[in-house]
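Undergrad: The structure that follows is given in the form of structure tokens.
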Amino acid sequence: MSQLGLWSDATGYKVDRIGKLFAKKGVPVELETLLRFCNESKRQENKDKWALDAYKCAARGQLAQWIQQYIKQIYSNKQKSTSR
């Protein structure tokens, strides 16, 4: 997630960035609130575990689908650019 610019070891998921990415979905306030809650409630010293637990917390329902679509799009674009 940090390679995609969506995670910071200091603050967890980058709420503002993710909110902007999914603003066109029409729920940025709810999404930002959920991400802030999950960042704080799942915070721990082990950054990998924190990222996974925060993701599991936030990635229920529609958000999980949006994130999966975004990641697929990023990797698809990278594959296209490297195959040229």
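Ligands are numbered from 1 in the order shown, chains are lettered A, B, ... in the order of the structure tokens, and residues start at 1 in each chain.
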Determine which residues of stretch 1-54 of chain A DSSP labels as strand (DSSP E) from the backbone of this structure, then write them out as a PyMOL selection string.
TA: chain A and resi 7-8+12-13
Undergrad: Can I get the selected residues back with N, CA and C atoms, as a PDB file, in the first residue's frame?
TA:
```
ATOM      1  N   TRP A   7      -0.454   4.522   2.094  1.00  0.00           N
ATOM      2  CA  TRP A   7      -0.115   4.181   3.482  1.00  0.00           C
ATOM      3  C   TRP A   7       1.081   4.980   3.956  1.00  0.00           C
ATOM      4  N   SER A   8       1.047   5.346   5.225  1.00  0.00           N
ATOM      5  CA  SER A   8       2.167   5.983   5.894  1.00  0.00           C
ATOM      6  C   SER A   8       2.413   5.238   7.206  1.00  0.00           C
ATOM      7  N   GLY A  12      -0.832   5.691   9.218  1.00  0.00           N
ATOM      8  CA  GLY A  12      -1.727   4.656   8.704  1.00  0.00           C
ATOM      9  C   GLY A  12      -2.176   5.004   7.292  1.00  0.00           C
ATOM     10  N   TYR A  13      -3.375   4.584   6.950  1.00  0.00           N
ATOM     11  CA  TYR A  13      -3.875   4.878   5.608  1.00  0.00           C
ATOM     12  C   TYR A  13      -4.015   6.386   5.430  1.00  0.00           C
TER      13      TYR A  13
END
```
Undergrad: May I have all residues of chain A that DSSP, computed from the backbone, assigns to alpha helix (DSSP H), given as a PyMOL selection string?
TA: chain A and resi 15-21+28-41+47-58+62-82
Undergrad: With a distance cut-off of 12 Å and only C-alpha atoms, select the neighbouring residues of stretch 36-52 of chain A, excluding the residue or stretch itself and same-chain residues fewer than 5 positions from it, and output the selection as a list in words.
TA: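 Listing them by chain and then by number gives Met1, Ser2, Leu6, Trp7, Ser8, Asp9, Ala10, Thr11, Gly12, Tyr13, Lys14, Val15, Asp16, Ile18, Gly19, Val29, Glu30, Leu31, Cys57, Ala58, Ala59 and Arg60 of chain A.
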Undergrad: Could you please determine the separation between atom CA of A:Arg17 and atom CA of A:Ser81 in Å, to one decimal place?
TA: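 Atom CA of A:Arg17 sits 23.5 Å away from atom CA of A:Ser81.
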Undergrad: In Å, how far is it from atom CA of A:Thr82 to atom CA of A:Gln68?
TA: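 Result for atom CA of A:Thr82 versus atom CA of A:Gln68: 21.2 Å, one decimal.
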